[in-house]
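J.: So here's entry_22.cif, just mmCIF, C-alpha atoms:
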```cif
data_model
#
loop_
_atom_site.label_atom_id
_atom_site.label_comp_id
_atom_site.auth_asym_id
_atom_site.auth_seq_id
_atom_site.Cartn_x
_atom_site.Cartn_y
_atom_site.Cartn_z
CA MET Z 1 7.57 4.55 -17.21
CA GLY Z 2 6.91 0.81 -16.98
CA ILE Z 3 4.32 -0.81 -14.71
CA VAL Z 4 6.99 -2.43 -12.50
CA LYS Z 5 8.75 0.90 -11.96
CA ARG Z 6 5.48 2.72 -11.18
CA MET Z 7 4.48 0.06 -8.66
CA SER Z 8 7.93 0.19 -7.04
CA LEU Z 9 7.75 3.97 -6.64
CA PHE Z 10 4.19 3.70 -5.25
CA LEU Z 11 5.19 1.13 -2.62
CA LEU Z 12 8.30 3.14 -1.71
CA GLY Z 13 6.16 6.25 -1.18
CA CYS Z 14 3.72 4.29 1.01
CA TRP Z 15 6.63 2.97 3.09
CA VAL Z 16 8.03 6.50 3.58
CA VAL Z 17 4.61 7.81 4.72
CA ALA Z 18 4.22 4.87 7.09
CA ASN Z 19 7.59 5.48 8.75
CA VAL Z 20 7.00 9.22 9.08
CA CYS Z 21 3.69 8.58 10.82
CA ALA Z 22 4.77 5.62 12.92
CA GLN Z 23 5.27 7.63 16.10
CA ASN Z 24 1.73 9.06 15.91
CA THR Z 25 -0.06 5.79 15.16
CA LEU Z 26 -3.17 5.21 17.30
CA GLY Z 27 -5.81 2.50 17.21
CA HIS Z 28 -9.18 3.18 15.55
CA GLY Z 29 -10.79 -0.23 15.80
CA ARG Z 30 -9.55 -3.71 15.01
CA PHE Z 31 -12.28 -4.96 12.67
CA GLN Z 32 -13.88 -2.75 10.02
CA LEU Z 33 -16.55 -3.21 7.32
CA GLU Z 34 -16.92 -0.78 4.44
CA ALA Z 35 -18.76 -0.12 1.18
CA SER Z 36 -18.06 2.39 -1.58
CA LEU Z 37 -19.16 3.75 -4.94
CA GLY Z 38 -16.66 4.83 -7.57
CA GLY Z 39 -15.34 4.14 -11.03
CA MET Z 40 -12.67 2.41 -13.10
CA VAL Z 41 -10.59 4.07 -15.81
CA TYR Z 42 -8.94 1.63 -18.23
CA THR Z 43 -5.29 2.37 -18.94
CA THR Z 44 -4.28 -0.32 -21.47
CA PRO Z 45 -3.45 1.15 -24.91
CA ALA Z 46 -5.21 0.08 -28.09
CA HIS Z 47 -4.00 -3.12 -29.79
CA ARG Z 48 -3.86 -3.34 -33.61
CA VAL Z 49 -4.58 -6.90 -34.78
CA THR Z 50 -4.45 -6.23 -38.54
CA PRO Z 51 -3.91 -3.06 -40.62
CA TRP Z 52 -7.68 -2.46 -40.45
CA LEU Z 53 -8.69 -4.08 -37.11
CA CYS Z 54 -7.96 -2.44 -33.75
CA LEU Z 55 -9.02 -3.53 -30.24
CA ASN Z 56 -9.75 -0.50 -28.10
CA ASP Z 57 -11.50 0.68 -24.91
CA TYR Z 58 -14.03 3.25 -25.96
CA HIS Z 59 -15.96 2.40 -22.76
CA ARG Z 60 -13.07 4.01 -20.87
CA LEU Z 61 -14.99 4.70 -17.64
CA ASN Z 62 -17.04 2.09 -15.78
CA CYS Z 63 -19.00 2.37 -12.54
CA ALA Z 64 -17.73 0.24 -9.63
CA LEU Z 65 -19.19 -0.91 -6.30
CA THR Z 66 -16.96 -2.32 -3.56
CA LEU Z 67 -17.51 -4.25 -0.35
CA GLY Z 68 -14.57 -4.75 1.99
CA ALA Z 69 -13.35 -5.82 5.40
CA ARG Z 70 -10.17 -4.99 7.30
CA TYR Z 71 -8.77 -6.59 10.44
CA PHE Z 72 -5.84 -5.07 12.39
CA TRP Z 73 -3.96 -7.47 14.66
CA HIS Z 74 -1.58 -4.60 15.51
CA LYS Z 75 -2.15 -0.86 15.93
CA SER Z 76 -0.48 -0.39 12.53
CA TRP Z 77 -0.64 -3.67 10.59
CA GLY Z 78 -3.62 -5.62 9.33
CA VAL Z 79 -5.15 -7.66 6.54
CA GLN Z 80 -7.92 -6.78 4.11
CA ALA Z 81 -10.30 -8.40 1.62
CA GLN Z 82 -12.26 -6.53 -1.03
CA LEU Z 83 -14.86 -7.44 -3.65
CA LEU Z 84 -15.33 -5.05 -6.59
CA LEU Z 85 -18.36 -5.31 -8.89
CA ASN Z 86 -19.22 -3.56 -12.14
CA PRO Z 87 -23.05 -3.25 -12.03
CA ARG Z 88 -23.30 -2.32 -15.71
CA SER Z 89 -21.03 -5.05 -17.00
CA GLY Z 90 -22.24 -7.74 -19.35
CA GLN Z 91 -21.66 -9.22 -22.74
CA GLU Z 92 -20.02 -6.75 -25.10
CA TYR Z 93 -22.18 -7.68 -28.08
CA LEU Z 94 -22.31 -5.02 -30.75
CA TYR Z 95 -24.26 -5.53 -33.96
CA ASN Z 96 -25.03 -2.25 -35.62
CA GLY Z 97 -26.12 -3.51 -39.03
CA LYS Z 98 -24.08 -0.81 -40.71
CA VAL Z 99 -21.73 -1.16 -43.64
CA LEU Z 100 -18.38 -0.01 -42.25
CA GLY Z 101 -15.47 1.36 -44.25
CA TYR Z 102 -12.60 -1.04 -44.79
CA ASN Z 103 -9.90 1.42 -43.67
CA GLN Z 104 -10.36 1.02 -39.92
CA VAL Z 105 -12.58 -1.02 -37.61
CA GLU Z 106 -12.34 -0.43 -33.84
CA VAL Z 107 -13.78 -3.08 -31.52
CA SER Z 108 -14.28 -2.58 -27.79
CA ARG Z 109 -12.53 -4.99 -25.45
CA GLY Z 110 -14.52 -6.68 -22.70
CA SER Z 111 -14.91 -4.62 -19.54
CA ILE Z 112 -14.01 -5.74 -16.01
CA ASP Z 113 -16.89 -7.70 -14.45
CA GLY Z 114 -15.36 -7.76 -11.00
CA ASN Z 115 -12.27 -8.23 -8.89
CA PHE Z 116 -11.55 -10.01 -5.62
CA SER Z 117 -8.34 -9.28 -3.76
CA ALA Z 118 -6.85 -9.95 -0.34
CA GLY Z 119 -3.64 -8.72 1.19
CA ILE Z 120 -1.88 -6.60 3.75
CA VAL Z 121 -2.64 -3.05 4.91
CA TYR Z 122 -0.74 -0.50 6.98
CA ARG Z 123 -2.54 2.08 9.16
CA CYS Z 124 -1.07 5.45 10.04
CA SER Z 125 -3.36 7.46 12.39
CA ILE Z 126 -3.13 11.18 13.17
CA GLY Z 127 -6.05 12.35 15.29
CA ASN Z 128 -9.26 11.45 13.50
CA TRP Z 129 -7.45 10.79 10.21
CA ASP Z 130 -5.95 7.58 8.86
CA ILE Z 131 -3.70 6.94 5.88
CA GLN Z 132 -3.89 3.27 4.88
CA PRO Z 133 -1.67 2.01 2.03
CA SER Z 134 -2.33 -1.59 1.02
CA PHE Z 135 -1.24 -4.33 -1.36
CA GLY Z 136 -3.44 -7.22 -2.48
CA ILE Z 137 -3.45 -10.16 -4.88
CA GLY Z 138 -6.51 -11.79 -6.40
CA ILE Z 139 -8.58 -12.57 -9.48
CA THR Z 140 -10.17 -10.25 -12.06
CA GLY Z 141 -13.06 -11.36 -14.26
CA PHE Z 142 -13.94 -9.90 -17.67
CA SER Z 143 -17.15 -9.71 -19.69
CA GLU Z 144 -17.65 -11.73 -22.84
CA THR Z 145 -16.73 -9.90 -26.05
CA ARG Z 146 -18.38 -10.34 -29.43
CA PHE Z 147 -18.63 -7.93 -32.34
CA SER Z 148 -20.26 -8.35 -35.73
CA SER Z 149 -21.06 -6.03 -38.59
CA TYR Z 150 -20.63 -5.58 -42.34
CA LEU Z 151 -17.53 -4.41 -44.19
CA LYS Z 152 -17.61 -2.78 -47.61
CA HIS Z 153 -14.60 -2.93 -49.90
CA GLU Z 154 -13.77 0.55 -51.10
CA GLY Z 155 -14.33 1.15 -54.79
CA THR Z 156 -16.60 -1.90 -55.21
CA ASN Z 157 -20.06 -3.11 -54.25
CA ASP Z 158 -18.60 -6.16 -52.50
CA VAL Z 159 -19.65 -6.56 -48.85
CA ASP Z 160 -18.24 -8.92 -46.21
CA SER Z 161 -19.72 -10.12 -42.94
CA PHE Z 162 -17.26 -9.57 -40.08
CA VAL Z 163 -17.33 -11.39 -36.71
CA LEU Z 164 -14.91 -11.22 -33.75
CA GLU Z 165 -15.50 -13.45 -30.70
CA MET Z 166 -13.24 -14.00 -27.69
CA GLU Z 167 -13.26 -17.37 -25.94
CA LYS Z 168 -15.69 -17.70 -23.05
CA ASP Z 169 -13.39 -19.86 -20.90
CA ARG Z 170 -10.53 -17.32 -20.80
CA ARG Z 171 -12.29 -14.56 -18.89
CA ASN Z 172 -10.45 -14.67 -15.52
CA ALA Z 173 -6.95 -13.41 -14.80
CA PHE Z 174 -4.53 -13.19 -11.88
CA SER Z 175 -4.09 -9.60 -10.68
CA VAL Z 176 -2.26 -7.48 -8.13
CA THR Z 177 -3.87 -4.41 -6.56
CA PRO Z 178 -1.76 -1.77 -4.80
CA GLY Z 179 -3.89 0.96 -3.24
CA ILE Z 180 -4.28 3.66 -0.63
CA GLN Z 181 -7.14 5.08 1.47
CA LEU Z 182 -7.60 8.40 3.25
CA VAL Z 183 -9.97 7.88 6.20
CA TYR Z 184 -11.81 10.34 8.46
CA HIS Z 185 -13.37 8.88 11.64
CA LEU Z 186 -16.84 10.03 12.69
CA PRO Z 187 -18.64 9.46 16.02
CA LYS Z 188 -20.56 6.23 16.68
CA ARG Z 189 -18.00 3.91 15.00
CA LEU Z 190 -18.51 5.36 11.51
CA TYR Z 191 -15.89 6.68 9.12
CA LEU Z 192 -15.71 8.20 5.64
CA TYR Z 193 -12.97 7.34 3.19
CA ALA Z 194 -11.63 8.07 -0.28
CA GLY Z 195 -9.53 5.42 -1.98
CA ALA Z 196 -7.52 4.75 -5.10
CA SER Z 197 -6.02 1.50 -6.37
CA TYR Z 198 -4.47 0.15 -9.55
CA ILE Z 199 -5.67 -3.22 -10.87
CA VAL Z 200 -2.79 -4.83 -12.79
CA THR Z 201 -3.68 -8.07 -14.58
CA ALA Z 202 -1.47 -10.82 -16.05
CA GLY Z 203 -2.08 -12.99 -19.09
CA SER Z 204 -4.04 -12.73 -22.32
CA SER Z 205 -7.46 -13.47 -23.76
CA TYR Z 206 -7.89 -15.34 -27.02
CA GLY Z 207 -10.41 -15.44 -29.83
CA GLU Z 208 -10.73 -15.25 -33.60
CA TYR Z 209 -12.26 -13.13 -36.31
CA THR Z 210 -13.69 -14.26 -39.62
CA LEU Z 211 -14.66 -12.55 -42.85
CA HIS Z 212 -17.29 -14.10 -45.12
CA ASN Z 213 -18.64 -12.70 -48.35
CA LEU Z 214 -22.18 -11.60 -47.55
CA TYR Z 215 -23.61 -12.95 -50.81
CA THR Z 216 -21.61 -16.13 -51.56
CA LEU Z 217 -20.63 -16.94 -47.91
CA GLU Z 218 -17.07 -17.55 -49.12
CA LEU Z 219 -14.51 -17.47 -46.27
CA ARG Z 220 -12.20 -14.60 -47.15
CA GLU Z 221 -10.10 -14.36 -43.99
CA GLN Z 222 -9.72 -16.03 -40.61
CA GLN Z 223 -7.22 -15.24 -37.86
CA ARG Z 224 -6.66 -16.13 -34.22
CA VAL Z 225 -6.52 -13.07 -31.94
CA GLU Z 226 -4.51 -12.64 -28.74
CA ASP Z 227 -5.02 -9.58 -26.55
CA ASN Z 228 -3.58 -8.69 -23.14
CA TYR Z 229 -6.04 -8.26 -20.30
CA VAL Z 230 -6.71 -4.63 -19.49
CA ASP Z 231 -5.43 -2.76 -16.42
CA ALA Z 232 -7.55 -0.17 -14.63
CA LEU Z 233 -7.26 2.71 -12.17
CA HIS Z 234 -10.00 2.38 -9.54
CA PHE Z 235 -11.17 5.31 -7.37
CA SER Z 236 -13.86 5.19 -4.70
CA PHE Z 237 -15.71 7.13 -2.00
CA GLY Z 238 -17.32 5.18 0.81
CA LEU Z 239 -18.60 4.67 4.32
CA GLY Z 240 -17.17 2.29 6.91
CA PHE Z 241 -18.18 0.86 10.27
CA ARG Z 242 -15.88 -0.18 13.14
CA LEU Z 243 -17.27 -3.30 14.79
CA PHE Z 244 -14.75 -3.33 17.66
#
```
Here is a file; write its structure as structure tokens.

T.:
Amino acid sequence: MGIVKRMSLFLLGCWVVANVCAQNTLGHGRFQLEASLGGMVYTTPAHRVTPWLCLNDYHRLNCALTLGARYFWHKSWGVQAQLLLNPRSGQEYLYNGKVLGYNQVEVSRGSIDGNFSAGIVYRCSIGNWDIQPSFGIGITGFSETRFSSYLKHEGTNDVDSFVLEMEKDRRNAFSVTPGIQLVYHLPKRLYLYAGASYIVTAGSSYGEYTLHNLYTLELREQQRVEDNYVDALHFSFGLGFRLF
């Protein structure tokens, strides 16, 4: 099922839930601040650049911290802003000094550094519980990617030096972020929540790889690389505070 179809079904389901709960909607504060801890699971499939070079996501799961704010101008409708940070992100620089086989080389894509999104949110309240579907647009940033190692030609003693580097100025992408939160309100303006969202990015990153003979430094191969930005499923558990 394509991304567009999945997003359409998700938004349709949120709309159905919202209409079912509309009669029971109560106010639980107009302005809310929240923070959460969770993770991101990358969902973009591997991309084969050449018969022996494949871009992959073997760092499939990343930690994620979020800070957010929500303002409801109506008992049901409001706006939200959220900042997501990957505390363990950084330059994906891998140099293992090993002589790799020439059959297959897998290189990790850059991970998501962070995401900022803003958009609309719907609140359906039943007693102390809220269901809050949302939809946001924003920007996603990615870590720098560089990989280097040695390649050995099978059946010979010939060794090449292999380098892949993605451009540093193509590390931000437009993204949309549909999501949903399940909220439980506690006394003294506090609430607990569990959330899930899907970060869908647009565009591509660019770079190039080169092969040089380790001994003669002869350029054996050079190619420009294009790779789609990765998408990620984000899940979180957090604590919120109702200001008023």

J.: Please list as a PyMOL selection string every residue within 9 Å of region 111-116 of chain Z, counting only C-alpha atoms and excluding residues in the same chain fewer than 4 positions away.

T.: chain Z and resi 40+42+57+59-60+62+64+81-92+137-145+175+199+230+232

J.: Given the file above and the PyMOL selection byres ((chain Z and resi 233) around 10), which residues are selected, and can you give them as an MDAnalysis selection string?

T.: chainID Z and resid 39:43 61 177 179 196:200 231:232 234:235

J.: Next, write the just-selected residues to a file, as a PDB file, in the coordinates of the input, keeping C-alpha atoms as the atom set.

T.:
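Everything below was put into again.pdb:
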```
ATOM      1  CA  GLY Z  39     -15.340   4.140 -11.030  1.00  0.00           C
ATOM      2  CA  MET Z  40     -12.670   2.410 -13.100  1.00  0.00           C
ATOM      3  CA  VAL Z  41     -10.590   4.070 -15.810  1.00  0.00           C
ATOM      4  CA  TYR Z  42      -8.940   1.630 -18.230  1.00  0.00           C
ATOM      5  CA  THR Z  43      -5.290   2.370 -18.940  1.00  0.00           C
ATOM      6  CA  LEU Z  61     -14.990   4.700 -17.640  1.00  0.00           C
ATOM      7  CA  THR Z 177      -3.870  -4.410  -6.560  1.00  0.00           C
ATOM      8  CA  GLY Z 179      -3.890   0.960  -3.240  1.00  0.00           C
ATOM      9  CA  ALA Z 196      -7.520   4.750  -5.100  1.00  0.00           C
ATOM     10  CA  SER Z 197      -6.020   1.500  -6.370  1.00  0.00           C
ATOM     11  CA  TYR Z 198      -4.470   0.150  -9.550  1.00  0.00           C
ATOM     12  CA  ILE Z 199      -5.670  -3.220 -10.870  1.00  0.00           C
ATOM     13  CA  VAL Z 200      -2.790  -4.830 -12.790  1.00  0.00           C
ATOM     14  CA  ASP Z 231      -5.430  -2.760 -16.420  1.00  0.00           C
ATOM     15  CA  ALA Z 232      -7.550  -0.170 -14.630  1.00  0.00           C
ATOM     16  CA  HIS Z 234     -10.000   2.380  -9.540  1.00  0.00           C
ATOM     17  CA  PHE Z 235     -11.170   5.310  -7.370  1.00  0.00           C
TER      18      PHE Z 235
END
```

J.: Using all atoms listed in the file, give me every residue within 7 Å of (-6.4, 7.3, 7.9) in file coordinates, as a list in words.

T.: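 Result, sorted by chain then residue number: Arg123, Cys124, Ser125, Trp129, Asp130, Ile131, Gln132, Gln181, Leu182, Val183 and Tyr184 of chain Z.
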
J.: Could you jot down the CA of Ile180 (chain Z) to CA of Asn56 (chain Z) separation for me, Å, one decimal place?

T.: 28.3 Å

J.: CA of Tyr209 (chain Z) and CA of Arg224 (chain Z), how far apart in Å?

T.: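 Separation of CA of Arg224 (chain Z) and CA of Tyr209 (chain Z): 6.7 Å.
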
J.: Please provide as an mmCIF file with C-alpha atoms, keeping the file's coordinate frame all residues within 9 Å of Asn213 (chain Z), with the sequence filter that same-chain residues fewer than 3 positions apart are discarded (counting only C-alpha atoms).

T.:
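This is the output file selection05.cif:
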```cif
data_model
loop_
_atom_site.group_PDB
_atom_site.id
_atom_site.type_symbol
_atom_site.label_atom_id
_atom_site.label_comp_id
_atom_site.auth_asym_id
_atom_site.auth_seq_id
_atom_site.Cartn_x
_atom_site.Cartn_y
_atom_site.Cartn_z
ATOM 1 C CA ASP Z 158 -18.600 -6.160 -52.500
ATOM 2 C CA VAL Z 159 -19.650 -6.560 -48.850
ATOM 3 C CA ASP Z 160 -18.240 -8.920 -46.210
ATOM 4 C CA SER Z 161 -19.720 -10.120 -42.940
ATOM 5 C CA PHE Z 162 -17.260 -9.570 -40.080
ATOM 6 C CA THR Z 216 -21.610 -16.130 -51.560
ATOM 7 C CA LEU Z 217 -20.630 -16.940 -47.910
ATOM 8 C CA GLU Z 218 -17.070 -17.550 -49.120
ATOM 9 C CA LEU Z 219 -14.510 -17.470 -46.270
ATOM 10 C CA ARG Z 220 -12.200 -14.600 -47.150
#
```
